[in-house]
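Quick notes on the structure that follows.
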Amino acid sequence: MKTQIIRKEDYDSNRLSIAVKGAVMANHSMSGQAEDFAARVIHKVESWLGDKTEFTARELRLQTAAALADYDPDAAYFYENEKRMF
């Protein structure tokens, strides 16, 4: 599997937010809760990004799943593993 490098300027918080909300909703949560969790996760991920200029897609996925696990461990598992599941 080829490592995908993401430049910080190509990072899209809206796209990540949509993916997080989808994982939370797949875990049968309410849309308001999904919005709240996504906002919190994005804040944590962007703190992790800090002054990085690039990172791998895998690093981003793992950091996002770790942040989401603080709020919804089942959704975090789904988010981290969805590409392997389908």
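Ordering of the structure tokens sets the chain letters (A, B, ...), residue numbers begin anew at 1 in every chain, and ligands are numbered from 1 in the order given.
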Report as a tab-separated table the residues of range 55-74 of chain A within 10 Å of range 6-24 of chain A, each with its shortest atom pair and distance in Å (one decimal), using only C-alpha atoms, ordered by chain and increasing residue number.
residue	atom	partner	partner_atom	distance
A:Phe55	CA	A:Ile6	CA	5.4
A:Thr56	CA	A:Ile6	CA	5.7
A:Ala57	CA	A:Ile6	CA	6.4
A:Arg58	CA	A:Ile6	CA	9.9
A:Glu59	CA	A:Ile6	CA	9.9
A:Leu60	CA	A:Ile6	CA	9.0
A:Arg61	CA	A:Leu16	CA	9.4
A:Thr64	CA	A:Val20	CA	8.1
A:Ala65	CA	A:Val20	CA	8.7
A:Leu68	CA	A:Val20	CA	7.8
A:Tyr71	CA	A:Val24	CA	9.6
A:Asp72	CA	A:Val24	CA	7.4
A:Pro73	CA	A:Val24	CA	9.6
A:Asp74	CA	A:Val24	CA	8.3
| task | Name the residues of range 17-56 of chain A that fall into helix (DSSP H, G or I) according to DSSP on the backbone, using the chain letters and numbers of this document, as a ChimeraX atom specification. | result | /A:17-26,31-49
| said: What's the separation between CA of Gln4 in chain A and CA of Gly50 in chain A, in Å to one decimal place? | reply: 19.3 Å
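If you measure from each of A:Thr53, A:Ala67, A:Glu82, A:Val41 to Ile5 in chain A using only C-alpha atoms, the closest one turns out to be A:Thr53.
With only C-alpha atoms as the atoms that count, the minimum distance from Ala26 in chain A to the choices A:Ala75, A:Asp70, A:Lys2, A:Glu80 is reached by A:Ala75.
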| remark: note - CA of Leu49 in chain A and CA of Met25 in chain A are separated by 25.3 Å
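Pairwise distance (CA of Asn27 in chain A, CA of Phe78 in chain A) equals 8.3 Å.
Backbone DSSP of range 2-56 of chain A yields strand (DSSP E or B) at Ile5, Ile6, Arg7, Glu54, Phe55 and Thr56 of chain A.
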